[in-house]
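Shown next, in structure tokens, is the structure this report addresses.
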Amino acid sequence: MDLLVVLFSGIIIKIVSEKLPSLRIGRLEAETPIVLGGMSSGLTRSSIAAAVANEGGFGTIGGVGLGFSEKTKNHRDLIRTNESELRREISDALEMSNDGNIGVNLMVATTDYEKSVKIAVEEGAKYIVSGAGLPLSLPEMTDKYKVSSHKKPELIPIVSTARAGELILRRWSRNDVIPAAFVVETPNTAGGHLGVSDADDIGKNEYSLETVVPQLVKTIEKYDYDIPVIAAGGIWDKADIDNMLKIGARGVQLATRFLATKECNASQAFKDRHVYNIDPIIVMKSPVGMPARAIENDFMRRLEAGEEIDLGPCVNCLRVCEHRESRVLKNQKKIEKLSSFCIIRALYNVHEGNVENGILFTGSNGNRLLTDWENEVFTTAQVMQALEGTEQNEE
Ligand SMILES: Cc1cc2nc3c(=O)[nH]c(=O)nc-3n(C[C@H](O)[C@H](O)[C@H](O)COP(=O)(O)O)c2cc1C
């Protein structure tokens, strides 16, 4: 309940009385149940991850594509630079947060997935959040690479249905492992790649957080486990967080809300493209074979018009990639035109500020940054305080 206390000449301080609960994930505890959604290709590096952890949340580094640059000529370059960048970001974030709750988001669909898991374990990441495919073998991988100087990371799969959650529970429990938490990410509102194969499923009630979170909580109870469920997708403010807690989630994961913060590692052009965006937010088909949510820009319009887009040589970043397959077929002269586009280059371009020549991933709330951020730079601390309902608004 809001209590407005009027102080002196018109200064109003808004105090929201109900404090958010803390969140335990395995052995980790955070004061506030807010997890930063990992945003890869360099959007969530150490500075924002540490800022969220320092504000009492869980700070996730997007662990994919960190080392990619114009100098990346082939797969070997990609693996080598990703490795050194990921190591550096984890150790910097741990240092900047005084050994805080720092984790890494890794995508099953990438070719260097296992290598990245190894690095996360070796560098002492506190947790691994993993989706874009079911992370069925993640426990075996972390076991294989465990180092005595670090505790094993807590493992957090991302799912979009309770059925996928149950599959992971069954598979992991064969080795006596259970997830430290689940992230339920709804394709209806989340940003980036969406966890359904058919774009026509997006928007269906069966994929809403209101449906899937209680279903997964029940599934977990059926197995007699105590595993927190973290809701993700379209969560914007404290009222949204309160609603998620009411339906059984114990935490929330947010990404889009942090996109334009001072500490977010995107270029200023990327942030401005969000803040001043007037284009619609659309669902497009990614070369991974999954739909993805993004801002419609010139790149999207060229794709839509059927233009062949060749952003540069393939560095073999994904296990399954429509664009790579089409390059092979084109070289063999079996087709005339490349299909889809190179995703790592498209993400890199926008991240570096070339915002009309790549994909601008965003959540369904991407346009709300327009009203919230105009003419002002928000820090991660301000966003965290707003989410917790502890910010002081002077009017
Ligand atoms: C720009 C952007 C990049 C993202 N990159 C990743 C990623 O690399 N891996 C992943 O699992 N999720 C990714 N996501 C999804 C977020 O981590 C998060 O779960 C989701 O966007 C939550 O919804 P929200 O953005 O409405 O808060 C990305 C989201 C955005 C907006």
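Each chain in the structure tokens gets a letter, A, B and so on, in the order shown; residues start at 1 in every chain, and ligands are counted from 1 in the order they appear.
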
Practice item. Name the residues in contact with region 168-171 of chain A at a cut-off of 10 Å, using only C-alpha atoms, excluding same-chain residues fewer than 6 positions from it; report them as a list in words. Key: Leu134, Pro135, Leu136, Ser137, Pro157, Val159, Ala162, Val177, Ile178, Pro179, Phe182, Thr219, Ile220, Tyr223 and Tyr225 of chain A

Report as CSV the residues of chain A within 7 Å of ligand 1, each with its shortest atom pair and distance in Å (one decimal), using only C-alpha atoms and all ligand atoms, ordered by chain and increasing residue number.
```
residue,atom,partner,partner_atom_place_in_ligand_line,distance
A:Gly37,CA,ligand 1,17 (O),3.4
A:Gly38,CA,ligand 1,17 (O),4.3
A:Met39,CA,ligand 1,5 (N),3.4
A:Ser40,CA,ligand 1,8 (O),3.7
A:Gly62,CA,ligand 1,8 (O),5.5
A:Val64,CA,ligand 1,8 (O),6.2
A:Asn105,CA,ligand 1,9 (N),5.9
A:Leu106,CA,ligand 1,9 (N),6.5
A:Met107,CA,ligand 1,9 (N),6.1
A:Ser130,CA,ligand 1,11 (O),6.2
A:Gly131,CA,ligand 1,11 (O),5.3
A:Ala132,CA,ligand 1,11 (O),6.2
A:Glu185,CA,ligand 1,19 (O),5.9
A:Thr189,CA,ligand 1,26 (O),5.7
A:Ala190,CA,ligand 1,23 (O),3.7
A:Gly191,CA,ligand 1,21 (O),3.6
A:Gly192,CA,ligand 1,29 (C),4.4
A:His193,CA,ligand 1,13 (C),6.6
A:Ala232,CA,ligand 1,22 (C),4.7
A:Gly233,CA,ligand 1,23 (O),3.3
A:Gly234,CA,ligand 1,26 (O),3.5
A:Ile235,CA,ligand 1,27 (O),5.4
A:Trp236,CA,ligand 1,27 (O),6.9
A:Gln253,CA,ligand 1,19 (O),6.0
A:Leu254,CA,ligand 1,27 (O),3.5
A:Ala255,CA,ligand 1,25 (O),3.9
A:Thr256,CA,ligand 1,25 (O),3.7
A:Arg257,CA,ligand 1,27 (O),6.0
A:Leu360,CA,ligand 1,1 (C),6.7
A:Phe361,CA,ligand 1,1 (C),4.2
A:Thr362,CA,ligand 1,31 (C),3.7
A:Gly363,CA,ligand 1,25 (O),4.2
A:Ser364,CA,ligand 1,26 (O),5.9
A:Asn365,CA,ligand 1,26 (O),6.0
```

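For the set A:Asn331, A:Thr186, A:Gln385, A:Thr390, the residue with the smallest atom-to-atom gap to Arg293 (chain A) is A:Thr186, counting only C-alpha atoms.
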
Exercise for review: Find the spatial neighbours of region 94-100 of chain A, counting only C-alpha atoms, within a cut-off of 12 Å - ignore same-chain residues fewer than 2 positions away - and output them as a PyMOL selection string.
Suggested key: chain A and resi 28-31+45-61+87-92+102-104+120+123-127+150

Practice item. From a DSSP calculation on the backbone, collect every residue of region 80-261 of chain A in strand (DSSP E or B) and output the set as a PyMOL selection string. Key: chain A and resi 102-107+110+127-131+154-159+182-185+192-193+229-232+251-254

Now that the selection is made, can you save its residues with C-alpha atoms as a PDB file, in the first residue's frame?
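New file out-v7.pdb:
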```
ATOM      1  CA  ILE A 102      27.620 -13.009 -10.096  1.00  0.00           C
ATOM      2  CA  GLY A 103      26.552 -15.598 -12.650  1.00  0.00           C
ATOM      3  CA  VAL A 104      26.692 -16.272 -16.369  1.00  0.00           C
ATOM      4  CA  ASN A 105      23.997 -16.855 -18.973  1.00  0.00           C
ATOM      5  CA  LEU A 106      25.033 -19.486 -21.529  1.00  0.00           C
ATOM      6  CA  MET A 107      23.102 -20.693 -24.556  1.00  0.00           C
ATOM      7  CA  THR A 110      26.168 -22.227 -29.293  1.00  0.00           C
ATOM      8  CA  TYR A 127      25.604 -19.607 -10.979  1.00  0.00           C
ATOM      9  CA  ILE A 128      24.908 -20.567 -14.585  1.00  0.00           C
ATOM     10  CA  VAL A 129      21.554 -19.711 -16.190  1.00  0.00           C
ATOM     11  CA  SER A 130      21.097 -21.691 -19.362  1.00  0.00           C
ATOM     12  CA  GLY A 131      18.503 -21.855 -22.126  1.00  0.00           C
ATOM     13  CA  GLU A 154      24.376 -23.222  -8.936  1.00  0.00           C
ATOM     14  CA  LEU A 155      22.551 -24.413 -12.048  1.00  0.00           C
ATOM     15  CA  ILE A 156      19.439 -22.636 -13.319  1.00  0.00           C
ATOM     16  CA  PRO A 157      17.686 -23.906 -16.472  1.00  0.00           C
ATOM     17  CA  ILE A 158      15.430 -21.605 -18.505  1.00  0.00           C
ATOM     18  CA  VAL A 159      12.155 -23.162 -19.645  1.00  0.00           C
ATOM     19  CA  PHE A 182      14.134 -22.497 -12.704  1.00  0.00           C
ATOM     20  CA  VAL A 183      13.651 -19.427 -14.846  1.00  0.00           C
ATOM     21  CA  VAL A 184      10.284 -19.511 -16.617  1.00  0.00           C
ATOM     22  CA  GLU A 185      10.576 -17.217 -19.598  1.00  0.00           C
ATOM     23  CA  GLY A 192      15.628 -11.937 -27.738  1.00  0.00           C
ATOM     24  CA  HIS A 193      15.140 -15.591 -28.671  1.00  0.00           C
ATOM     25  CA  VAL A 229      10.751 -20.468  -9.733  1.00  0.00           C
ATOM     26  CA  ILE A 230      11.856 -17.160 -11.251  1.00  0.00           C
ATOM     27  CA  ALA A 231       9.455 -15.473 -13.672  1.00  0.00           C
ATOM     28  CA  ALA A 232      10.779 -13.655 -16.769  1.00  0.00           C
ATOM     29  CA  GLY A 251      11.922 -14.217  -7.938  1.00  0.00           C
ATOM     30  CA  VAL A 252      11.834 -12.306 -11.216  1.00  0.00           C
ATOM     31  CA  GLN A 253      14.292 -11.895 -14.064  1.00  0.00           C
ATOM     32  CA  LEU A 254      14.332  -8.607 -15.964  1.00  0.00           C
TER      33      LEU A 254
END
```

Review point. Counting only C-alpha atoms, what is within 7 Å of Lys146 (chain A), bar same-chain residues fewer than 5 positions away, as number ranges by chain?
Key: A: 121-122, 152

Check your understanding: In Å, with one decimal, what is the gap from CA of Pro153 (chain A) to CA of Leu23 (chain A)?
Key -> 16.3 Å

Exercise for review: Could you tell me which of A:Leu20, A:Leu329, A:Met384, A:Ile295 comes closest to Pro33 (chain A) if we count only C-alpha atoms?
Suggested key: A:Leu20

Exercise for review: Name the residues of region 208-379 of chain A that fall into alpha helix (DSSP H) according to DSSP on the backbone, using the chain letters and numbers of this document, as a VMD selection string.
Suggested key: chain A and resid 209 to 222 238 to 246 268 to 275 298 to 304 322 to 331 343 to 351 368 to 373

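One finds CA of Ala292 (chain A) at 10.8 Å from CA of Asp198 (chain A).
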
Exercise for review: Determine, counting only C-alpha atoms, which protein, DNA and RNA residues have an atom within 7 Å of an atom of region 265-281 of chain A; residues of the same chain fewer than 4 positions away are not included. Present the result as a PyMOL selection string.
Suggested key: chain A and resi 42-45+259-260+293-296+350-353+355+364+366-367+369-370+373-374

Just N, CA and C atoms for this one: save the residues we selected as a PDB file, in the first residue's frame.
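Result written to result.pdb:
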```pdb
ATOM      1  N   GLY A  42      27.676  -8.866 -25.482  1.00  0.00           N
ATOM      2  CA  GLY A  42      28.306  -7.736 -24.809  1.00  0.00           C
ATOM      3  C   GLY A  42      27.387  -6.719 -24.173  1.00  0.00           C
ATOM      4  N   LEU A  43      26.078  -6.997 -24.086  1.00  0.00           N
ATOM      5  CA  LEU A  43      25.179  -5.996 -23.478  1.00  0.00           C
ATOM      6  C   LEU A  43      25.227  -6.039 -21.952  1.00  0.00           C
ATOM      7  N   THR A  44      25.362  -7.225 -21.398  1.00  0.00           N
ATOM      8  CA  THR A  44      25.498  -7.328 -19.933  1.00  0.00           C
ATOM      9  C   THR A  44      26.852  -7.943 -19.596  1.00  0.00           C
ATOM     10  N   ARG A  45      27.819  -7.072 -19.457  1.00  0.00           N
ATOM     11  CA  ARG A  45      29.165  -7.485 -19.041  1.00  0.00           C
ATOM     12  C   ARG A  45      29.294  -7.237 -17.545  1.00  0.00           C
ATOM     13  N   LEU A 259      18.078  -2.001 -20.068  1.00  0.00           N
ATOM     14  CA  LEU A 259      18.803  -1.776 -21.329  1.00  0.00           C
ATOM     15  C   LEU A 259      19.420  -0.393 -21.492  1.00  0.00           C
ATOM     16  N   ALA A 260      18.779   0.620 -20.939  1.00  0.00           N
ATOM     17  CA  ALA A 260      19.307   1.983 -21.154  1.00  0.00           C
ATOM     18  C   ALA A 260      19.996   2.550 -19.920  1.00  0.00           C
ATOM     19  N   ARG A 293      12.207 -11.585 -30.544  1.00  0.00           N
ATOM     20  CA  ARG A 293      11.529 -10.275 -30.473  1.00  0.00           C
ATOM     21  C   ARG A 293      12.570  -9.169 -30.656  1.00  0.00           C
ATOM     22  N   ALA A 294      12.235  -8.202 -31.514  1.00  0.00           N
ATOM     23  CA  ALA A 294      13.196  -7.139 -31.824  1.00  0.00           C
ATOM     24  C   ALA A 294      12.463  -5.893 -32.303  1.00  0.00           C
ATOM     25  N   ILE A 295      13.190  -4.775 -32.314  1.00  0.00           N
ATOM     26  CA  ILE A 295      12.637  -3.534 -32.868  1.00  0.00           C
ATOM     27  C   ILE A 295      12.719  -3.606 -34.394  1.00  0.00           C
ATOM     28  N   GLU A 296      11.652  -3.212 -35.062  1.00  0.00           N
ATOM     29  CA  GLU A 296      11.703  -3.186 -36.526  1.00  0.00           C
ATOM     30  C   GLU A 296      12.600  -2.025 -36.967  1.00  0.00           C
ATOM     31  N   VAL A 350      24.753  -3.832 -34.071  1.00  0.00           N
ATOM     32  CA  VAL A 350      23.883  -2.910 -33.301  1.00  0.00           C
ATOM     33  C   VAL A 350      24.526  -2.574 -31.956  1.00  0.00           C
ATOM     34  N   HIS A 351      25.189  -3.555 -31.390  1.00  0.00           N
ATOM     35  CA  HIS A 351      25.845  -3.310 -30.114  1.00  0.00           C
ATOM     36  C   HIS A 351      26.888  -2.200 -30.245  1.00  0.00           C
ATOM     37  N   GLU A 352      27.574  -2.193 -31.392  1.00  0.00           N
ATOM     38  CA  GLU A 352      28.630  -1.198 -31.616  1.00  0.00           C
ATOM     39  C   GLU A 352      28.082   0.150 -32.089  1.00  0.00           C
ATOM     40  N   GLY A 353      26.776   0.233 -32.307  1.00  0.00           N
ATOM     41  CA  GLY A 353      26.195   1.527 -32.677  1.00  0.00           C
ATOM     42  C   GLY A 353      25.703   1.603 -34.110  1.00  0.00           C
ATOM     43  N   VAL A 355      23.133   0.793 -35.707  1.00  0.00           N
ATOM     44  CA  VAL A 355      21.835   0.272 -35.255  1.00  0.00           C
ATOM     45  C   VAL A 355      20.821  -0.038 -36.353  1.00  0.00           C
ATOM     46  N   SER A 364       8.890  -6.965 -24.957  1.00  0.00           N
ATOM     47  CA  SER A 364       7.647  -6.287 -25.362  1.00  0.00           C
ATOM     48  C   SER A 364       7.527  -4.908 -24.725  1.00  0.00           C
ATOM     49  N   GLY A 366       9.961  -2.777 -24.681  1.00  0.00           N
ATOM     50  CA  GLY A 366      11.036  -1.957 -25.244  1.00  0.00           C
ATOM     51  C   GLY A 366      10.641  -0.502 -25.461  1.00  0.00           C
ATOM     52  N   ASN A 367       9.386  -0.274 -25.835  1.00  0.00           N
ATOM     53  CA  ASN A 367       8.952   1.107 -26.085  1.00  0.00           C
ATOM     54  C   ASN A 367       8.672   1.896 -24.817  1.00  0.00           C
ATOM     55  N   LEU A 369      10.759   2.346 -22.504  1.00  0.00           N
ATOM     56  CA  LEU A 369      11.962   3.107 -22.153  1.00  0.00           C
ATOM     57  C   LEU A 369      11.816   4.542 -22.636  1.00  0.00           C
ATOM     58  N   LEU A 370      11.028   4.723 -23.696  1.00  0.00           N
ATOM     59  CA  LEU A 370      10.796   6.048 -24.268  1.00  0.00           C
ATOM     60  C   LEU A 370      10.260   7.017 -23.212  1.00  0.00           C
ATOM     61  N   TRP A 373      12.735   7.065 -19.780  1.00  0.00           N
ATOM     62  CA  TRP A 373      14.137   7.472 -19.774  1.00  0.00           C
ATOM     63  C   TRP A 373      14.404   8.819 -20.446  1.00  0.00           C
ATOM     64  N   GLU A 374      13.385   9.372 -21.098  1.00  0.00           N
ATOM     65  CA  GLU A 374      13.651  10.547 -21.921  1.00  0.00           C
ATOM     66  C   GLU A 374      14.347  11.641 -21.117  1.00  0.00           C
TER      67      GLU A 374
END
```

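Distance annotation: of A:Asp224, A:Lys144, A:Gly248, A:Phe258, the residue with the minimal separation from Leu387 (chain A) is A:Phe258; atom set is only C-alpha atoms.
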
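Ranking A:Glu388, A:Glu85, A:Glu70, A:Asp298 by their shortest atom-to-atom distance to Ile241 (chain A), with only C-alpha atoms included, puts A:Glu388 first.
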
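CA of Asp201 (chain A) sits 28.1 Å away from CA of Glu356 (chain A).
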
Exercise for review: Just the residues within 7 Å of Glu322 (chain A), please, counting only C-alpha atoms, with nothing from its chain fewer than 4 positions along; format it as a list of chain:residue names.
Suggested key: A:Pro287, A:Val288, A:Ser326, A:Ser340

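Contact shell of Ala346 (chain A) at 7 Å (only C-alpha atoms; same-chain neighbours under 4 positions omitted): Cys342, Val350, Asn357, Gly358 and Ile359 of chain A.
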
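Between Val35 (chain A) and the candidates A:Ala181, A:Val117, A:Ile79, A:Leu216, the tightest atom-to-atom separation, counting only C-alpha atoms, involves A:Ala181.
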